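Visitor: For reference, this is query-v7.cif, and it has mmCIF, C-alpha atoms.
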data_input
#
loop_
_atom_site.group_PDB
_atom_site.id
_atom_site.type_symbol
_atom_site.label_atom_id
_atom_site.label_comp_id
_atom_site.auth_asym_id
_atom_site.auth_seq_id
_atom_site.Cartn_x
_atom_site.Cartn_y
_atom_site.Cartn_z
ATOM 1 C CA MET A 1391 0.000 0.000 0.000
ATOM 2 C CA ILE A 1392 2.752 2.451 0.941
ATOM 3 C CA PHE A 1393 4.650 1.537 -2.239
ATOM 4 C CA GLU A 1394 1.678 2.451 -4.430
ATOM 5 C CA SER A 1395 1.067 5.721 -2.588
ATOM 6 C CA ILE A 1396 4.734 6.727 -3.020
ATOM 7 C CA GLN A 1397 4.447 5.997 -6.724
ATOM 8 C CA VAL A 1398 1.226 8.005 -7.051
ATOM 9 C CA ILE A 1399 2.886 10.968 -5.312
ATOM 10 C CA LEU A 1400 5.920 10.686 -7.625
ATOM 11 C CA LEU A 1401 3.816 10.483 -10.792
ATOM 12 C CA VAL A 1402 1.654 13.439 -9.768
ATOM 13 C CA GLY A 1403 4.861 15.368 -9.033
ATOM 14 C CA ILE A 1404 6.280 14.479 -12.460
ATOM 15 C CA VAL A 1405 3.148 15.676 -14.263
ATOM 16 C CA ALA A 1406 2.869 18.830 -12.134
ATOM 17 C CA SER A 1407 6.508 19.865 -12.600
ATOM 18 C CA ALA A 1408 6.301 19.190 -16.361
ATOM 19 C CA PHE A 1409 3.152 21.348 -16.496
ATOM 20 C CA PHE A 1410 4.882 24.201 -14.625
ATOM 21 C CA ALA A 1411 7.926 23.872 -16.897
ATOM 22 C CA LEU A 1412 5.620 24.432 -19.862
ATOM 23 C CA LYS A 1413 3.548 27.220 -18.326
ATOM 24 C CA ASN A 1414 6.289 29.428 -16.879
ATOM 25 C CA THR A 1415 7.375 32.456 -18.890
ATOM 26 C CA ASP A 1416 10.618 32.618 -16.860
ATOM 27 C CA LEU A 1417 12.866 30.184 -18.725
ATOM 28 C CA VAL A 1418 15.270 29.670 -15.813
ATOM 29 C CA ALA A 1419 12.349 28.491 -13.678
ATOM 30 C CA SER A 1420 11.318 26.226 -16.559
ATOM 31 C CA ALA A 1421 14.799 24.679 -16.643
ATOM 32 C CA ILE A 1422 14.692 24.080 -12.882
ATOM 33 C CA PHE A 1423 11.244 22.462 -13.185
ATOM 34 C CA LEU A 1424 12.604 20.220 -15.946
ATOM 35 C CA ALA A 1425 15.445 19.197 -13.614
ATOM 36 C CA ALA A 1426 12.853 18.391 -10.923
ATOM 37 C CA THR A 1427 10.903 16.298 -13.453
ATOM 38 C CA SER A 1428 14.071 14.415 -14.303
ATOM 39 C CA LEU A 1429 14.963 13.807 -10.660
ATOM 40 C CA LEU A 1430 11.469 12.492 -9.815
ATOM 41 C CA LEU A 1431 11.571 10.343 -12.960
ATOM 42 C CA SER A 1432 14.906 8.828 -11.909
ATOM 43 C CA THR A 1433 13.439 8.050 -8.457
ATOM 44 C CA GLU A 1434 10.534 6.346 -10.205
ATOM 45 C CA PHE A 1435 12.957 4.332 -12.356
ATOM 46 C CA TYR A 1436 14.777 3.261 -9.188
ATOM 47 C CA LEU A 1437 11.525 2.202 -7.530
ATOM 48 C CA LEU A 1438 10.617 0.168 -10.616
ATOM 49 C CA GLN A 1439 13.974 -1.667 -10.237
ATOM 50 C CA ALA A 1440 15.850 -0.146 -13.163
ATOM 51 C CA PRO A 1441 18.830 1.389 -11.301
ATOM 52 C CA ASP A 1442 20.935 1.555 -14.461
ATOM 53 C CA VAL A 1443 18.468 3.864 -16.195
ATOM 54 C CA ALA A 1444 18.036 5.805 -12.947
ATOM 55 C CA ILE A 1445 21.761 6.608 -12.756
ATOM 56 C CA ALA A 1446 21.881 7.737 -16.395
ATOM 57 C CA GLU A 1447 18.713 9.815 -15.989
ATOM 58 C CA ALA A 1448 19.993 11.528 -12.830
ATOM 59 C CA ALA A 1449 23.411 12.294 -14.321
ATOM 60 C CA ILE A 1450 22.204 13.547 -17.704
ATOM 61 C CA GLY A 1451 18.671 14.804 -17.096
ATOM 62 C CA ALA A 1452 19.166 16.544 -13.776
ATOM 63 C CA GLY A 1453 22.833 17.465 -14.116
ATOM 64 C CA LEU A 1454 24.116 18.109 -17.605
ATOM 65 C CA SER A 1455 21.038 19.200 -19.508
ATOM 66 C CA THR A 1456 20.125 21.751 -16.815
ATOM 67 C CA ALA A 1457 23.596 23.294 -17.036
ATOM 68 C CA ILE A 1458 23.423 23.419 -20.835
ATOM 69 C CA PHE A 1459 19.894 24.928 -20.774
ATOM 70 C CA ILE A 1460 20.981 27.612 -18.282
ATOM 71 C CA VAL A 1461 23.991 28.519 -20.408
ATOM 72 C CA ALA A 1462 21.782 28.782 -23.493
ATOM 73 C CA ILE A 1463 19.382 31.043 -21.537
ATOM 74 C CA THR A 1464 22.157 33.341 -20.297
ATOM 75 C CA LYS A 1465 23.471 33.699 -23.853
ATOM 76 C CA THR A 1466 20.025 34.552 -25.276
ATOM 77 C CA GLU A 1467 16.984 35.834 -23.334
ATOM 78 C CA ARG A 1468 15.589 34.943 -19.942
ATOM 79 C CA TRP A 1469 11.903 35.799 -20.542
ATOM 80 C CA GLU A 1470 9.657 34.136 -23.064
ATOM 81 C CA ASN A 1471 8.407 36.478 -25.865
ATOM 82 C CA GLY A 1472 10.561 39.263 -24.420
ATOM 83 C CA LYS A 1473 8.067 40.114 -21.659
ATOM 84 C CA LYS A 1474 8.393 39.966 -17.897
ATOM 85 C CA MET B 370 35.945 35.683 -21.160
ATOM 86 C CA ASN B 371 33.872 34.554 -18.209
ATOM 87 C CA LYS B 372 35.695 35.036 -14.898
ATOM 88 C CA GLY B 373 33.518 32.698 -12.871
ATOM 89 C CA LEU B 374 31.539 33.133 -9.669
ATOM 90 C CA SER B 375 32.438 34.220 -6.128
ATOM 91 C CA PRO B 376 35.270 32.655 -4.044
ATOM 92 C CA ILE B 377 32.709 30.774 -1.906
ATOM 93 C CA VAL B 378 31.346 28.983 -4.977
ATOM 94 C CA LYS B 379 34.874 28.312 -6.229
ATOM 95 C CA ASN B 380 35.927 26.717 -2.922
ATOM 96 C CA VAL B 381 32.808 24.555 -2.664
ATOM 97 C CA ALA B 382 33.238 23.429 -6.284
ATOM 98 C CA ALA B 383 36.899 22.585 -5.621
ATOM 99 C CA VAL B 384 35.866 20.474 -2.613
ATOM 100 C CA ALA B 385 33.070 18.722 -4.549
ATOM 101 C CA LEU B 386 35.315 18.015 -7.556
ATOM 102 C CA VAL B 387 37.205 15.058 -6.102
ATOM 103 C CA PRO B 388 34.189 13.050 -4.771
ATOM 104 C CA ILE B 389 32.299 13.511 -8.051
ATOM 105 C CA THR B 390 35.268 12.308 -10.094
ATOM 106 C CA VAL B 391 35.965 9.366 -7.785
ATOM 107 C CA PHE B 392 32.289 8.325 -7.870
ATOM 108 C CA GLY B 393 32.296 8.434 -11.669
ATOM 109 C CA LEU B 394 35.466 6.335 -11.793
ATOM 110 C CA TYR B 395 33.837 3.897 -9.327
ATOM 111 C CA VAL B 396 30.753 3.566 -11.534
ATOM 112 C CA ILE B 397 32.976 2.886 -14.568
ATOM 113 C CA ALA B 398 35.238 0.397 -12.770
ATOM 114 C CA HIS B 399 32.307 -1.570 -11.311
ATOM 115 C CA GLY B 400 30.374 -1.518 -14.570
ATOM 116 C CA HIS B 401 30.340 -5.297 -14.906
ATOM 117 C CA LEU B 402 29.218 -5.859 -11.305
ATOM 118 C CA THR B 403 26.741 -3.158 -10.321
ATOM 119 C CA PRO B 404 24.259 -0.918 -12.175
ATOM 120 C CA GLY B 405 26.026 1.695 -14.207
ATOM 121 C CA GLY B 406 28.907 1.244 -16.562
ATOM 122 C CA GLY B 407 30.741 3.290 -19.118
ATOM 123 C CA PHE B 408 28.014 5.679 -20.220
ATOM 124 C CA PRO B 409 26.615 6.787 -16.811
ATOM 125 C CA GLY B 410 30.123 6.964 -15.303
ATOM 126 C CA GLY B 411 31.411 9.114 -18.141
ATOM 127 C CA ALA B 412 28.358 11.350 -17.844
ATOM 128 C CA ILE B 413 28.982 11.734 -14.082
ATOM 129 C CA ILE B 414 32.604 12.770 -14.702
ATOM 130 C CA ALA B 415 31.428 15.172 -17.418
ATOM 131 C CA THR B 416 29.105 16.773 -14.844
ATOM 132 C CA MET B 417 32.339 17.731 -13.075
ATOM 133 C CA THR B 418 33.409 19.569 -16.250
ATOM 134 C CA ALA B 419 30.137 21.529 -16.296
ATOM 135 C CA LEU B 420 30.603 22.380 -12.590
ATOM 136 C CA LEU B 421 34.130 23.647 -13.287
ATOM 137 C CA LEU B 422 32.908 25.712 -16.249
ATOM 138 C CA ILE B 423 30.140 27.339 -14.223
ATOM 139 C CA SER B 424 32.184 28.092 -11.099
ATOM 140 C CA PHE B 425 35.644 28.879 -12.493
ATOM 141 C CA GLY B 426 34.692 30.425 -15.817
ATOM 142 C CA THR B 427 36.179 29.499 -19.185
ATOM 143 C CA SER B 428 39.751 30.764 -18.730
ATOM 144 C CA TRP B 429 41.208 27.278 -18.169
ATOM 145 C CA VAL B 430 39.761 25.769 -21.338
ATOM 146 C CA LYS B 431 42.690 26.781 -23.541
ATOM 147 C CA ALA B 432 45.123 24.898 -21.270
ATOM 148 C CA ILE B 433 43.146 21.688 -21.889
ATOM 149 C CA GLY B 434 42.454 22.235 -25.566
ATOM 150 C CA LYS B 435 39.474 21.070 -27.570
ATOM 151 C CA GLU B 436 41.747 19.061 -29.870
ATOM 152 C CA ARG B 437 43.023 16.978 -26.966
ATOM 153 C CA LEU B 438 39.458 16.223 -25.819
ATOM 154 C CA SER B 439 38.517 15.265 -29.377
ATOM 155 C CA MET B 440 41.603 13.026 -29.477
ATOM 156 C CA ALA B 441 40.512 11.341 -26.209
ATOM 157 C CA GLU B 442 37.059 10.728 -27.686
ATOM 158 C CA SER B 443 38.540 9.125 -30.787
ATOM 159 C CA LEU B 444 40.901 7.088 -28.601
ATOM 160 C CA GLY B 445 37.968 5.679 -26.641
ATOM 161 C CA LEU B 446 36.090 4.718 -29.787
ATOM 162 C CA VAL B 447 39.164 3.157 -31.393
ATOM 163 C CA GLY B 448 39.891 1.273 -28.171
ATOM 164 C CA PHE B 449 36.347 -0.114 -28.064
ATOM 165 C CA VAL B 450 36.351 -1.286 -31.677
ATOM 166 C CA GLY B 451 39.948 -2.484 -31.402
ATOM 167 C CA LEU B 452 39.143 -4.620 -28.344
ATOM 168 C CA ALA B 453 36.186 -6.025 -30.257
ATOM 169 C CA ILE B 454 38.372 -6.854 -33.273
ATOM 170 C CA MET B 455 41.099 -8.499 -31.151
ATOM 171 C CA GLY B 456 38.852 -11.522 -30.686
ATOM 172 C CA ILE B 457 38.164 -11.853 -34.412
ATOM 173 C CA GLY B 458 39.766 -15.345 -34.441
ATOM 174 C CA LYS B 459 36.503 -16.701 -33.123
ATOM 175 C CA SER B 460 34.043 -13.905 -33.668
ATOM 176 C CA PHE B 461 33.588 -10.144 -33.368
ATOM 177 C CA PHE B 462 33.300 -9.164 -29.658
ATOM 178 C CA ASN B 463 34.724 -12.525 -28.622
ATOM 179 C CA ASN B 464 35.654 -12.318 -24.935
ATOM 180 C CA PHE B 465 39.083 -13.946 -25.278
ATOM 181 C CA LEU B 466 40.400 -12.742 -21.893
ATOM 182 C CA VAL B 467 37.922 -14.466 -19.636
ATOM 183 C CA GLY B 468 38.933 -17.689 -17.896
ATOM 184 C CA GLN B 469 42.689 -17.263 -18.540
ATOM 185 C CA GLY B 470 43.649 -15.825 -15.139
ATOM 186 C CA LEU B 471 45.293 -12.756 -16.665
ATOM 187 C CA PHE B 472 44.263 -9.116 -16.303
ATOM 188 C CA PHE B 473 40.509 -9.119 -15.456
ATOM 189 C CA GLY B 474 40.609 -12.740 -16.582
ATOM 190 C CA ASN B 475 39.097 -14.706 -13.707
ATOM 191 C CA ALA B 476 35.891 -16.596 -14.191
ATOM 192 C CA VAL B 477 32.663 -14.895 -13.184
ATOM 193 C CA ALA B 478 31.253 -16.280 -9.939
ATOM 194 C CA PHE B 479 27.950 -18.101 -9.930
ATOM 195 C CA GLY B 480 25.060 -17.076 -7.741
ATOM 196 C CA PRO B 481 24.812 -13.755 -5.850
ATOM 197 C CA ASN B 482 27.266 -11.037 -6.777
ATOM 198 C CA PRO B 483 30.371 -11.305 -4.533
ATOM 199 C CA GLY B 484 31.857 -8.115 -5.998
ATOM 200 C CA TRP B 485 35.063 -9.519 -7.501
ATOM 201 C CA LEU B 486 36.585 -6.793 -9.666
ATOM 202 C CA GLY B 487 39.015 -8.991 -11.607
ATOM 203 C CA THR B 488 36.414 -10.889 -13.600
ATOM 204 C CA ALA B 489 34.512 -10.674 -16.881
ATOM 205 C CA GLY B 490 37.467 -10.284 -19.251
ATOM 206 C CA LEU B 491 36.934 -7.644 -21.903
ATOM 207 C CA ILE B 492 33.812 -6.036 -20.429
ATOM 208 C CA PRO B 493 35.581 -3.767 -17.861
ATOM 209 C CA LEU B 494 38.118 -2.681 -20.478
ATOM 210 C CA MET B 495 35.304 -1.828 -22.898
ATOM 211 C CA ASN B 496 33.526 0.036 -20.083
ATOM 212 C CA MET B 497 36.685 2.099 -19.555
ATOM 213 C CA ALA B 498 36.897 2.876 -23.277
ATOM 214 C CA VAL B 499 33.236 3.920 -23.398
ATOM 215 C CA GLY B 500 33.678 5.986 -20.228
ATOM 216 C CA LEU B 501 36.619 7.887 -21.731
ATOM 217 C CA GLU B 502 34.686 8.467 -24.948
ATOM 218 C CA VAL B 503 31.514 9.702 -23.223
ATOM 219 C CA PHE B 504 33.446 11.925 -20.808
ATOM 220 C CA ALA B 505 35.372 13.574 -23.654
ATOM 221 C CA ALA B 506 32.314 13.968 -25.892
ATOM 222 C CA ILE B 507 29.995 15.507 -23.263
ATOM 223 C CA SER B 508 32.809 17.729 -21.967
ATOM 224 C CA LEU B 509 33.331 18.913 -25.541
ATOM 225 C CA ILE B 510 29.616 19.698 -25.883
ATOM 226 C CA ALA B 511 29.628 21.650 -22.594
ATOM 227 C CA ILE B 512 32.830 23.554 -23.449
ATOM 228 C CA THR B 513 31.489 24.435 -26.912
ATOM 229 C CA MET B 514 28.247 25.698 -25.370
ATOM 230 C CA PHE B 515 30.046 27.760 -22.717
ATOM 231 C CA THR B 516 32.620 29.372 -25.002
ATOM 232 C CA ALA B 517 30.232 30.154 -27.872
ATOM 233 C CA GLU B 518 30.141 33.781 -28.956
ATOM 234 C CA VAL B 519 26.619 35.091 -29.500
ATOM 235 C CA SER B 520 25.832 38.062 -31.724
ATOM 236 C CA LYS B 521 22.657 39.741 -30.495
#
What is this structure when it is put down as structure tokens?

Guide:
Amino acid sequence: MIFESIQVILLVGIVASAFFALKNTDLVASAIFLAATSLLLSTEFYLLQAPDVAIAEAAIGAGLSTAIFIVAITKTERWENGKK
Amino acid sequence: MNKGLSPIVKNVAAVALVPITVFGLYVIAHGHLTPGGGFPGGAIIATMTALLLISFGTSWVKAIGKERLSMAESLGLVGFVGLAIMGIGKSFFNNFLVGQGLFFGNAVAFGPNPGWLGTAGLIPLMNMAVGLEVFAAISLIAITMFTAEVSK
């Protein structure tokens, strides 16, 4: 029972953080929400007994892609459509 | 050129550098025993490169050199394919080292994983080649992104 409830909380968190990553006009906040999605997804992979995929997801999704997104944002514009 | 962040961030990044690198090397070296392997380990070590780029700026990149990183990437790929070709007497990817008692050459234990590092023959060596290749490639991507000049 507790296993299923943890998974429901994780899946709701994944969907909610992906929704906020789409809806935010601040692109830095969107990148952070994408990192949160990735971290929750790697926890879900670990709970479903795929630790190999979980390690790759945590290293690439939460670590590297966030850094690359943030660099791309600092070199272009922070706000979507140029508005605050 | 980017000068990097404050001295506090630089010191914390310098402290975190060694554990991150050692953990990535651990994931690569235990690739045939535990979850992980060449690709996740190389990606973990490349996270260290991104951390260095963010905290210390891009002034140290010229001392490393993109050509040397590209050379390391090619070396990893050539090592992987070369190790695969070395067993061509029987077949491609033939694990000729296992069971001979040489380097990494002990037989794999049956049953639960006892954690013996010196087993599995070619697989740890191929993990090391893939780890070197992935580390160099992702570091190259990060360095190219950080040092790109943007015309607004």

Visitor: Just to confirm, what's the straight-line distance from atom CA of Ile512 of chain B to atom CA of Ala498 of chain B in Å (one decimal)?

Guide: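 Separation between atom CA of Ile512 of chain B and atom CA of Ala498 of chain B: 21.1 Å.
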
Visitor: At a cut-off of 8 Å, which residues of chain A touch chain B? Count only C-alpha atoms and give the answer as an NGL selection string.

Guide: :A and (1441-1442 or 1445-1446 or 1449-1450 or 1453-1454 or 1457-1458 or 1461-1462 or 1465-1466)

Visitor: Given the file shown, enumerate the residues that the PyMOL selection byres ((chain A and resi 1410-1419) around 8) captures and present them as a list of chain:residue names.

Guide: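 When the PyMOL selection byres ((chain A and resi 1410-1419) around 8) is applied, the selected residues are A:Ala1406, A:Ser1407, A:Ala1408, A:Phe1409, A:Ser1420, A:Ala1421, A:Ile1422, A:Phe1423, A:Leu1424, A:Ile1460, A:Ile1463, A:Arg1468, A:Trp1469, A:Glu1470, A:Lys1474.
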
Visitor: Enumerate, as a list in words, the protein, DNA and RNA residues whose atoms approach (40.9, 4.4, -28.3) to within 12 Å, taking into account all atoms listed in the file and the coordinate frame of the file.

Guide: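 Collected hits near the coordinates: Ser439, Met440, Ala441, Glu442, Ser443, Leu444, Gly445, Leu446, Val447, Gly448, Phe449, Val450, Gly451, Leu452, Ala453, Leu494, Met495, Asn496, Met497, Ala498, Val499, Gly500, Leu501, Glu502, Val503 and Ala505 of chain B.
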
Visitor: Starting from the displayed file, determine the output of the PyMOL selection byres ((chain B and resi 491) around 9) and express the residue list as a list of chain:residue names.

Guide: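 This file gives the following for the PyMOL selection byres ((chain B and resi 491) around 9): B:Leu452, B:Ala453, B:Phe462, B:Asn463, B:Asn464, B:Phe465, B:Leu466, B:Val467, B:Phe473, B:Gly474, B:Thr488, B:Ala489, B:Gly490, B:Ile492, B:Pro493, B:Leu494, B:Met495, B:Asn496.
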
Visitor: Box in all listed atoms of segment 1424-1434 of chain A, axis-aligned, with 4 Å more on each side; write out centre and edge lengths in Å to one decimal as JSON.

Guide:
{"center_x": 13.0, "center_y": 13.3, "center_z": -12.2, "size_x": 12.9, "size_y": 21.9, "size_z": 15.5}

Visitor: Out of B:Leu374, B:Ala506, B:Ala476, B:Leu486, which residue has the shortest atom-to-atom distance to Phe425 of chain B when counting all atoms listed in the file?

Guide: B:Leu374

Visitor: Please indicate the distance in Å from atom CA of Ser1432 of chain A to atom CA of Tyr395 of chain B, rounded to one decimal place.

Guide: 19.7 Å

Visitor: Could you jot down the atom CA of Phe1459 of chain A to atom CA of Leu1429 of chain A separation for me, Å, one decimal place?

Guide: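 Taking atom CA of Phe1459 of chain A and atom CA of Leu1429 of chain A, their separation equals 15.8 Å.
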
Visitor: Can you pull out the residues contacting Leu1400 of chain A? Cut-off 10 Å, using only C-alpha atoms, and skip same-chain residues under 2 positions away; I want them as a list in words.

Guide: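 Contacts, in chain order: Glu1394, Ser1395, Ile1396, Gln1397, Val1398, Val1402, Gly1403, Ile1404, Val1405, Ala1406, Thr1427, Leu1430, Leu1431, Thr1433 and Glu1434 of chain A.
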
Visitor: For this structure, which residues satisfy the selection - the PyMOL selection byres ((chain B and resi 424) around 10) - when it is evaluated on the file as given? I want them as a CSV table (one decimal) with C-alpha atoms, in the frame of the given file.

Guide:
chain,number,residue,atom,x,y,z
B,371,ASN,CA,33.9,34.6,-18.2
B,372,LYS,CA,35.7,35.0,-14.9
B,373,GLY,CA,33.5,32.7,-12.9
B,374,LEU,CA,31.5,33.1,-9.7
B,375,SER,CA,32.4,34.2,-6.1
B,376,PRO,CA,35.3,32.7,-4.0
B,377,ILE,CA,32.7,30.8,-1.9
B,378,VAL,CA,31.3,29.0,-5.0
B,379,LYS,CA,34.9,28.3,-6.2
B,380,ASN,CA,35.9,26.7,-2.9
B,381,VAL,CA,32.8,24.6,-2.7
B,382,ALA,CA,33.2,23.4,-6.3
B,383,ALA,CA,36.9,22.6,-5.6
B,419,ALA,CA,30.1,21.5,-16.3
B,420,LEU,CA,30.6,22.4,-12.6
B,421,LEU,CA,34.1,23.6,-13.3
B,422,LEU,CA,32.9,25.7,-16.2
B,423,ILE,CA,30.1,27.3,-14.2
B,425,PHE,CA,35.6,28.9,-12.5
B,426,GLY,CA,34.7,30.4,-15.8
B,427,THR,CA,36.2,29.5,-19.2
